[in-house]
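Dropping start.pdb in here (PDB, C-alpha atoms):
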MODEL        1
ATOM      1  CA  TRP A   1      20.824 -26.613  14.296
ATOM      2  CA  GLU A   2      21.274 -24.240  11.395
ATOM      3  CA  ASP A   3      18.982 -21.215  11.220
ATOM      4  CA  ASP A   4      18.066 -21.483  14.912
ATOM      5  CA  PRO A   5      18.813 -18.830  17.531
ATOM      6  CA  VAL A   6      22.226 -19.429  19.071
ATOM      7  CA  LEU A   7      24.026 -17.906  22.016
ATOM      8  CA  GLY A   8      27.610 -18.657  22.932
ATOM      9  CA  SER A   9      30.833 -19.797  21.384
ATOM     10  CA  GLU A  10      30.961 -22.343  18.572
ATOM     11  CA  ASP A  11      33.951 -23.774  20.444
ATOM     12  CA  ALA A  12      32.001 -24.396  23.663
ATOM     13  CA  GLU A  13      32.456 -27.872  25.105
ATOM     14  CA  VAL A  14      28.712 -28.343  25.662
ATOM     15  CA  THR A  15      25.719 -27.511  23.460
ATOM     16  CA  LEU A  16      22.363 -27.083  25.198
ATOM     17  CA  VAL A  17      19.401 -27.313  22.817
ATOM     18  CA  TRP A  18      16.372 -25.663  24.432
ATOM     19  CA  PHE A  19      12.922 -26.540  23.050
ATOM     20  CA  SER A  20      10.568 -23.762  24.082
ATOM     21  CA  ASP A  21       7.072 -22.399  23.605
ATOM     22  CA  LEU A  22       6.935 -18.648  24.286
ATOM     23  CA  ASN A  23       3.366 -19.160  25.501
ATOM     24  CA  CYS A  24       4.350 -21.774  28.119
ATOM     25  CA  MET A  25       4.498 -20.628  31.755
ATOM     26  CA  TYR A  26       7.117 -23.281  32.586
ATOM     27  CA  CYS A  27       9.318 -22.013  29.752
ATOM     28  CA  ARG A  28       8.881 -18.546  31.209
ATOM     29  CA  ARG A  29       9.916 -19.817  34.634
ATOM     30  CA  PHE A  30      13.061 -21.400  33.175
ATOM     31  CA  ALA A  31      13.808 -18.262  31.120
ATOM     32  CA  GLN A  32      13.509 -15.999  34.160
ATOM     33  CA  ASN A  33      14.916 -18.132  36.969
ATOM     34  CA  THR A  34      17.420 -20.608  35.543
ATOM     35  CA  PHE A  35      18.629 -19.433  32.161
ATOM     36  CA  PRO A  36      20.199 -16.153  33.398
ATOM     37  CA  GLN A  37      22.466 -18.152  35.728
ATOM     38  CA  ILE A  38      23.413 -20.623  32.984
ATOM     39  CA  ARG A  39      24.116 -17.684  30.720
ATOM     40  CA  GLU A  40      26.277 -15.880  33.281
ATOM     41  CA  ASN A  41      28.179 -18.880  34.618
ATOM     42  CA  TYR A  42      28.620 -21.017  31.501
ATOM     43  CA  VAL A  43      27.665 -19.264  28.260
ATOM     44  CA  SER A  44      29.585 -16.067  28.977
ATOM     45  CA  GLN A  45      32.603 -18.146  30.010
ATOM     46  CA  GLY A  46      32.601 -19.956  26.658
ATOM     47  CA  ASP A  47      31.755 -23.353  28.154
ATOM     48  CA  VAL A  48      28.168 -23.744  26.871
ATOM     49  CA  ARG A  49      26.501 -22.853  23.602
ATOM     50  CA  VAL A  50      22.685 -22.583  23.614
ATOM     51  CA  VAL A  51      20.468 -23.321  20.625
ATOM     52  CA  LYS A  52      16.792 -22.406  20.965
ATOM     53  CA  LYS A  53      14.128 -24.268  19.024
ATOM     54  CA  ASP A  54      10.377 -23.740  18.892
ATOM     55  CA  PHE A  55       8.201 -26.561  20.199
ATOM     56  CA  ILE A  56       4.511 -25.692  20.032
ATOM     57  CA  THR A  57       2.413 -27.041  22.879
ATOM     58  CA  MET A  58      -0.280 -24.418  23.435
ATOM     59  CA  GLY A  59      -2.233 -23.787  20.225
ATOM     60  CA  GLU A  60      -2.491 -21.002  17.673
ATOM     61  CA  ASN A  61      -1.034 -18.228  19.833
ATOM     62  CA  SER A  62       2.038 -20.409  20.252
ATOM     63  CA  VAL A  63       2.317 -20.764  16.477
ATOM     64  CA  THR A  64       2.181 -16.969  16.120
ATOM     65  CA  LEU A  65       4.836 -16.550  18.816
ATOM     66  CA  ALA A  66       7.054 -19.154  17.121
ATOM     67  CA  LYS A  67       6.738 -17.298  13.821
ATOM     68  CA  ALA A  68       7.703 -14.098  15.628
ATOM     69  CA  SER A  69      10.692 -15.808  17.219
ATOM     70  CA  GLN A  70      11.959 -17.124  13.903
ATOM     71  CA  ALA A  71      11.320 -13.749  12.257
ATOM     72  CA  ALA A  72      13.208 -11.920  15.011
ATOM     73  CA  TRP A  73      16.196 -14.239  14.632
ATOM     74  CA  GLN A  74      16.205 -13.768  10.856
ATOM     75  CA  LEU A  75      16.078  -9.987  11.250
ATOM     76  CA  VAL A  76      18.785  -9.481  13.860
ATOM     77  CA  GLY A  77      20.160 -12.742  15.161
ATOM     78  CA  GLU A  78      23.168 -13.495  13.052
ATOM     79  CA  ASP A  79      24.370  -9.898  13.135
ATOM     80  CA  ASN A  80      23.411  -9.156  16.727
ATOM     81  CA  PRO A  81      22.286 -12.209  18.707
ATOM     82  CA  GLU A  82      22.041 -10.186  21.926
ATOM     83  CA  VAL A  83      19.126  -8.223  20.444
ATOM     84  CA  PHE A  84      17.307 -11.469  19.707
ATOM     85  CA  TRP A  85      17.825 -12.808  23.242
ATOM     86  CA  THR A  86      16.722  -9.479  24.750
ATOM     87  CA  TRP A  87      13.632  -9.585  22.537
ATOM     88  CA  SER A  88      12.891 -13.193  23.549
ATOM     89  CA  ASP A  89      13.286 -12.329  27.246
ATOM     90  CA  THR A  90      10.955  -9.339  26.844
ATOM     91  CA  ILE A  91       8.314 -11.401  25.048
ATOM     92  CA  SER A  92       8.550 -14.037  27.784
ATOM     93  CA  GLU A  93       8.303 -11.458  30.591
ATOM     94  CA  ASN A  94       5.109 -10.048  29.063
ATOM     95  CA  GLN A  95       3.455 -13.466  28.860
ATOM     96  CA  PRO A  96       1.030 -13.075  31.818
ATOM     97  CA  GLU A  97      -0.214  -9.711  30.543
ATOM     98  CA  ARG A  98      -0.658 -11.140  27.053
ATOM     99  CA  LYS A  99      -2.645 -14.120  28.338
ATOM    100  CA  ARG A 100      -5.000 -11.927  30.354
ATOM    101  CA  ASN A 101      -5.650  -9.284  27.746
ATOM    102  CA  SER A 102      -4.875 -10.651  24.318
ATOM    103  CA  LYS A 103      -7.416 -10.621  21.578
ATOM    104  CA  ASN A 104      -4.725 -10.290  18.928
ATOM    105  CA  VAL A 105      -1.412 -11.857  19.852
ATOM    106  CA  THR A 106       0.311 -10.421  16.768
ATOM    107  CA  GLU A 107      -0.442  -6.882  17.944
ATOM    108  CA  ASP A 108       0.799  -7.782  21.430
ATOM    109  CA  ILE A 109       4.059  -9.049  19.915
ATOM    110  CA  ILE A 110       4.462  -5.898  17.801
ATOM    111  CA  SER A 111       3.728  -3.651  20.791
ATOM    112  CA  THR A 112       6.249  -5.533  22.952
ATOM    113  CA  THR A 113       8.829  -5.456  20.160
ATOM    114  CA  GLN A 114       8.633  -1.659  20.142
ATOM    115  CA  GLU A 115      10.143  -1.780  23.654
ATOM    116  CA  VAL A 116      13.303  -3.555  22.417
ATOM    117  CA  ASP A 117      16.164  -1.503  20.977
ATOM    118  CA  GLY A 118      17.694  -2.881  17.814
ATOM    119  CA  ILE A 119      14.687  -4.557  16.236
ATOM    120  CA  ASP A 120      12.097  -2.838  14.075
ATOM    121  CA  ALA A 121       8.553  -3.881  14.978
ATOM    122  CA  GLU A 122       7.120  -3.279  11.507
ATOM    123  CA  GLN A 123       9.909  -5.266   9.873
ATOM    124  CA  LEU A 124       9.101  -8.051  12.321
ATOM    125  CA  ARG A 125       5.431  -7.934  11.342
ATOM    126  CA  LYS A 126       6.365  -8.288   7.646
ATOM    127  CA  LYS A 127       8.876 -11.067   8.305
ATOM    128  CA  MET A 128       6.362 -13.030  10.425
ATOM    129  CA  LYS A 129       4.108 -13.295   7.359
ATOM    130  CA  GLN A 130       6.956 -14.985   5.491
ATOM    131  CA  ILE A 131       7.527 -17.718   8.092
ATOM    132  CA  SER A 132       5.778 -20.938   7.172
ATOM    133  CA  GLU A 133       4.297 -23.394   9.637
ATOM    134  CA  GLU A 134       6.510 -25.978   7.936
ATOM    135  CA  GLU A 135       9.568 -24.206   9.388
ATOM    136  CA  ILE A 136       8.041 -24.426  12.860
ATOM    137  CA  ASN A 137       6.994 -28.034  12.361
ATOM    138  CA  GLN A 138      10.595 -28.902  11.477
ATOM    139  CA  ASP A 139      11.702 -27.777  14.964
ATOM    140  CA  ILE A 140       8.941 -29.874  16.513
ATOM    141  CA  GLN A 141       9.949 -32.923  14.472
ATOM    142  CA  ASP A 142      13.604 -32.427  15.434
ATOM    143  CA  GLY A 143      12.552 -32.537  19.072
ATOM    144  CA  LYS A 144      10.188 -35.482  18.752
ATOM    145  CA  GLN A 145      12.849 -37.522  16.960
ATOM    146  CA  ARG A 146      15.045 -36.994  20.015
ATOM    147  CA  GLY A 147      12.316 -37.784  22.553
ATOM    148  CA  ILE A 148      11.141 -34.264  23.414
ATOM    149  CA  SER A 149       7.444 -34.330  24.257
ATOM    150  CA  GLY A 150       6.841 -31.108  26.186
ATOM    151  CA  THR A 151       8.263 -27.747  27.104
ATOM    152  CA  PRO A 152      10.649 -26.715  28.199
ATOM    153  CA  GLY A 153      12.652 -29.636  26.908
ATOM    154  CA  PHE A 154      16.422 -29.878  26.678
ATOM    155  CA  LEU A 155      19.060 -31.879  24.901
ATOM    156  CA  ILE A 156      22.579 -31.623  26.259
ATOM    157  CA  PHE A 157      25.373 -32.582  23.882
ATOM    158  CA  LYS A 158      29.091 -32.707  24.137
ATOM    159  CA  THR A 159      29.679 -30.357  21.196
ATOM    160  CA  GLY A 160      30.349 -32.365  18.062
ATOM    161  CA  SER A 161      28.711 -35.514  19.426
ATOM    162  CA  ASP A 162      25.406 -36.892  18.221
ATOM    163  CA  GLU A 163      24.507 -38.397  21.597
ATOM    164  CA  ALA A 164      22.549 -36.275  24.032
ATOM    165  CA  LYS A 165      21.167 -36.368  27.525
ATOM    166  CA  GLN A 166      17.570 -35.281  27.750
ATOM    167  CA  MET A 167      15.864 -33.192  30.434
ATOM    168  CA  THR A 168      12.284 -31.966  30.647
ATOM    169  CA  GLY A 169      10.639 -29.243  32.678
ATOM    170  CA  ALA A 170      11.537 -25.909  34.234
ATOM    171  CA  GLN A 171      14.625 -27.233  35.945
ATOM    172  CA  PRO A 172      16.109 -25.230  38.800
ATOM    173  CA  TYR A 173      19.660 -24.008  38.399
TER     174      TYR A 173
ENDMDL
END

Output the structure of this file as structure tokens.
Amino acid sequence: WEDDPVLGSEDAEVTLVWFSDLNCMYCRRFAQNTFPQIRENYVSQGDVRVVKKDFITMGENSVTLAKASQAAWQLVGEDNPEVFWTWSDTISENQPERKRNSKNVTEDIISTTQEVDGIDAEQLRKKMKQISEEEINQDIQDGKQRGISGTPGFLIFKTGSDEAKQMTGAQPY
């Protein structure tokens, strides 16, 4: 799970790998309704570590959003993961507006990024151009090899183990 957005302690007992498409309304539902509770009750307590991977299900806008996600993590994630997760939440929250009005999803991403403290929108634009579709496809292949077929999809590991339980869909808390 190297180079993927991470939240939580490396020593957490459980690792939750979350396969997401920032253009997916069910991913948005999970991000808004379920993930905050997992974060508060398990991640912040040091019990669960979350790894987020891109899993494209909704076309070219999803590819652009995945590139933005990887670019955002590369810009701020390792030094300040909270900025990345705030950015991801903000992008997700703006999904309905983007779907109604978007003619250029890159400009929507840049505009939304300007709302997030700690990440430079123009640096993000430049970094997005450096992200290859091969990097995104690697996340998809990682998921498919483990049986992920849609989003949101989850693998739940006892940290350090190679065996995982799989869940699919915007699960309630």

Closest of A:Ser9, A:Gln95, A:Thr168, A:Ser149 to A:Gln32, counting only C-alpha atoms, is A:Gln95

From the list A:Pro5, A:Gln45, A:Val50, A:Glu13, the nearest residue to A:Ser88 using only C-alpha atoms is A:Pro5

Å distance separating atom CA of A:Gly59 from atom CA of A:Glu78, one decimal place:
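Atom CA of A:Glu78 lies at a distance of 28.3 Å from atom CA of A:Gly59.
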
Using all atoms listed in the file, which protein or nucleic acid residues come within 10 Å of A:Gly160? Drop anything in the same chain fewer than 4 positions from it, and give the result as an NGL selection string.
:A and (11-15)

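Put simply, atom CA of A:Phe157 is 12.8 Å away from atom CA of A:Glu10.
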
Using all atoms listed in the file, which of A:Val105, A:Ile156, A:Ala31, A:Leu75 sits nearest A:Gln123?
A:Leu75

Taken to one decimal, the atom CA of A:Leu155-atom CA of A:Ala71 distance is 23.4 Å

Could you spell out the hits of the PyMOL selection byres ((chain A and resi 25) around 12) on the shown file, as a PyMOL selection string?
chain A and resi 20-24+26-33+57-58+62+92-99+151-152+169-170

I'd like the residues picked by the PyMOL selection byres ((chain A and resi 165) around 12) written out as a list of chain:residue names, using the chain letters and numbers from the file.
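Given this file, the PyMOL selection byres ((chain A and resi 165) around 12) evaluates to A:Val14, A:Thr15, A:Leu16, A:Val17, A:Arg146, A:Gly147, A:Ile148, A:Gly153, A:Phe154, A:Leu155, A:Ile156, A:Phe157, A:Lys158, A:Ser161, A:Asp162, A:Glu163, A:Ala164, A:Gln166, A:Met167, A:Thr168.
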
Applied to the shown file, which residues does the PyMOL selection byres ((chain A and resi 76) around 12) return, written as a compact mmCIF listing (two decimals) with C-alpha atoms, keeping the file's coordinate frame?
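Resulting contents of part.txt:
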# COMPACT_ATOMS: atom_id res chain seq x y z
CA PRO A 5 18.81 -18.83 17.53
CA VAL A 6 22.23 -19.43 19.07
CA SER A 69 10.69 -15.81 17.22
CA GLN A 70 11.96 -17.12 13.90
CA ALA A 71 11.32 -13.75 12.26
CA ALA A 72 13.21 -11.92 15.01
CA TRP A 73 16.20 -14.24 14.63
CA GLN A 74 16.20 -13.77 10.86
CA LEU A 75 16.08 -9.99 11.25
CA GLY A 77 20.16 -12.74 15.16
CA GLU A 78 23.17 -13.50 13.05
CA ASP A 79 24.37 -9.90 13.14
CA ASN A 80 23.41 -9.16 16.73
CA PRO A 81 22.29 -12.21 18.71
CA GLU A 82 22.04 -10.19 21.93
CA VAL A 83 19.13 -8.22 20.44
CA PHE A 84 17.31 -11.47 19.71
CA TRP A 85 17.82 -12.81 23.24
CA THR A 86 16.72 -9.48 24.75
CA TRP A 87 13.63 -9.59 22.54
CA SER A 88 12.89 -13.19 23.55
CA VAL A 116 13.30 -3.56 22.42
CA ASP A 117 16.16 -1.50 20.98
CA GLY A 118 17.69 -2.88 17.81
CA ILE A 119 14.69 -4.56 16.24
CA ASP A 120 12.10 -2.84 14.08
CA ALA A 121 8.55 -3.88 14.98
CA GLN A 123 9.91 -5.27 9.87
CA LEU A 124 9.10 -8.05 12.32
CA LYS A 127 8.88 -11.07 8.30

Name the closest residue to A:Gln130 among the candidates A:Asp89, A:Phe55, A:Thr64, A:Ile110; distances are taken between atoms, counting all atoms listed in the file.
A:Thr64

Protein, DNA and RNA residues within 8 Å of (28.1, -14.8, 24.8), only C-alpha atoms, as a list in words
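The residues that fall inside the cut-off are Leu7, Gly8, Ser9, Arg39, Val43, Ser44, Gln45 and Gly46 of chain A.
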
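With all atoms listed in the file as the basis for measurement, A:Val51 is the residue among A:Val51, A:Ile38, A:Ile140, A:Ile109 that approaches A:Trp18 most closely.
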
Pick from A:Lys126, A:Ile91, A:Lys144, A:Gln37, whichever lies nearest to A:Tyr173 using only C-alpha atoms:
A:Gln37

Take every atom of stretch 17-23 of chain A listed in the file, fit an axis-aligned box around them, add 3 Å per side, and give the centre and edge lengths in Å to one decimal as JSON.
{"center_x": 11.4, "center_y": -23.0, "center_z": 24.2, "size_x": 22.0, "size_y": 14.7, "size_z": 8.7}

Quick one: residues within 6 Å of (6.0, -19.5, 15.2) (file frame), counting only C-alpha atoms, please, as a PDB file with C-alpha atoms, keeping the file's coordinate frame.
ATOM      1  CA  VAL A  63       2.317 -20.764  16.477  1.00  0.00           C
ATOM      2  CA  THR A  64       2.181 -16.969  16.120  1.00  0.00           C
ATOM      3  CA  LEU A  65       4.836 -16.550  18.816  1.00  0.00           C
ATOM      4  CA  ALA A  66       7.054 -19.154  17.121  1.00  0.00           C
ATOM      5  CA  LYS A  67       6.738 -17.298  13.821  1.00  0.00           C
ATOM      6  CA  ALA A  68       7.703 -14.098  15.628  1.00  0.00           C
ATOM      7  CA  ILE A 136       8.041 -24.426  12.860  1.00  0.00           C
TER       8      ILE A 136
END

For stretch 53-82 of chain A of the block above, can you save N, CA and C atoms as a short mmCIF file (atom, residue, chain, number, x, y, z; two decimals), in the first residue's frame?
data_model
loop_
_atom_site.label_atom_id
_atom_site.label_comp_id
_atom_site.auth_asym_id
_atom_site.auth_seq_id
_atom_site.Cartn_x
_atom_site.Cartn_y
_atom_site.Cartn_z
N LYS A 53 -7.48 3.89 -1.92
CA LYS A 53 -7.02 3.58 -3.26
C LYS A 53 -8.08 4.00 -4.27
N ASP A 54 -7.62 4.44 -5.43
CA ASP A 54 -8.54 4.84 -6.50
C ASP A 54 -9.03 3.61 -7.24
N PHE A 55 -10.31 3.60 -7.55
CA PHE A 55 -10.91 2.50 -8.30
C PHE A 55 -11.94 3.13 -9.23
N ILE A 56 -11.55 3.33 -10.47
CA ILE A 56 -12.34 4.08 -11.44
C ILE A 56 -13.53 3.25 -11.91
N THR A 57 -14.72 3.83 -11.77
CA THR A 57 -15.93 3.15 -12.21
C THR A 57 -16.80 4.02 -13.10
N MET A 58 -16.47 5.32 -13.21
CA MET A 58 -17.42 6.24 -13.83
C MET A 58 -16.81 7.10 -14.95
N GLY A 59 -15.84 6.59 -15.70
CA GLY A 59 -15.38 7.27 -16.89
C GLY A 59 -14.27 8.28 -16.70
N GLU A 60 -14.13 9.15 -17.70
CA GLU A 60 -13.00 10.08 -17.78
C GLU A 60 -12.95 11.08 -16.63
N ASN A 61 -14.08 11.57 -16.17
CA ASN A 61 -14.04 12.49 -15.02
C ASN A 61 -13.47 11.79 -13.80
N SER A 62 -13.76 10.51 -13.67
CA SER A 62 -13.21 9.74 -12.55
C SER A 62 -11.70 9.60 -12.66
N VAL A 63 -11.21 9.44 -13.88
CA VAL A 63 -9.76 9.37 -14.09
C VAL A 63 -9.12 10.69 -13.67
N THR A 64 -9.71 11.80 -14.06
CA THR A 64 -9.19 13.12 -13.69
C THR A 64 -9.20 13.29 -12.17
N LEU A 65 -10.27 12.89 -11.53
CA LEU A 65 -10.36 12.98 -10.07
C LEU A 65 -9.33 12.09 -9.39
N ALA A 66 -9.09 10.90 -9.94
CA ALA A 66 -8.07 10.01 -9.38
C ALA A 66 -6.68 10.62 -9.51
N LYS A 67 -6.41 11.24 -10.66
CA LYS A 67 -5.12 11.92 -10.82
C LYS A 67 -4.98 13.04 -9.80
N ALA A 68 -6.06 13.77 -9.58
CA ALA A 68 -6.03 14.85 -8.58
C ALA A 68 -5.78 14.30 -7.19
N SER A 69 -6.43 13.18 -6.87
CA SER A 69 -6.25 12.57 -5.56
C SER A 69 -4.80 12.14 -5.35
N GLN A 70 -4.24 11.48 -6.34
CA GLN A 70 -2.84 11.06 -6.20
C GLN A 70 -1.91 12.26 -6.14
N ALA A 71 -2.20 13.29 -6.93
CA ALA A 71 -1.38 14.50 -6.91
C ALA A 71 -1.46 15.19 -5.54
N ALA A 72 -2.66 15.27 -4.99
CA ALA A 72 -2.83 15.90 -3.68
C ALA A 72 -2.04 15.15 -2.61
N TRP A 73 -2.10 13.83 -2.64
CA TRP A 73 -1.35 13.04 -1.66
C TRP A 73 0.15 13.28 -1.83
N GLN A 74 0.62 13.30 -3.06
CA GLN A 74 2.05 13.53 -3.29
C GLN A 74 2.49 14.92 -2.83
N LEU A 75 1.62 15.90 -2.96
CA LEU A 75 1.96 17.26 -2.54
C LEU A 75 1.99 17.44 -1.03
N VAL A 76 1.02 16.88 -0.33
CA VAL A 76 0.89 17.20 1.10
C VAL A 76 0.80 15.99 2.01
N GLY A 77 0.47 14.85 1.48
CA GLY A 77 0.08 13.72 2.31
C GLY A 77 1.08 13.25 3.33
N GLU A 78 2.29 12.97 2.88
CA GLU A 78 3.24 12.41 3.83
C GLU A 78 3.62 13.40 4.92
N ASP A 79 3.66 14.67 4.57
CA ASP A 79 4.01 15.69 5.56
C ASP A 79 2.81 16.12 6.41
N ASN A 80 1.63 16.12 5.79
CA ASN A 80 0.44 16.58 6.50
C ASN A 80 -0.79 15.84 5.98
N PRO A 81 -0.96 14.58 6.39
CA PRO A 81 -2.08 13.79 5.87
C PRO A 81 -3.45 14.41 6.13
N GLU A 82 -3.59 15.19 7.20
CA GLU A 82 -4.88 15.80 7.49
C GLU A 82 -5.32 16.73 6.36
#
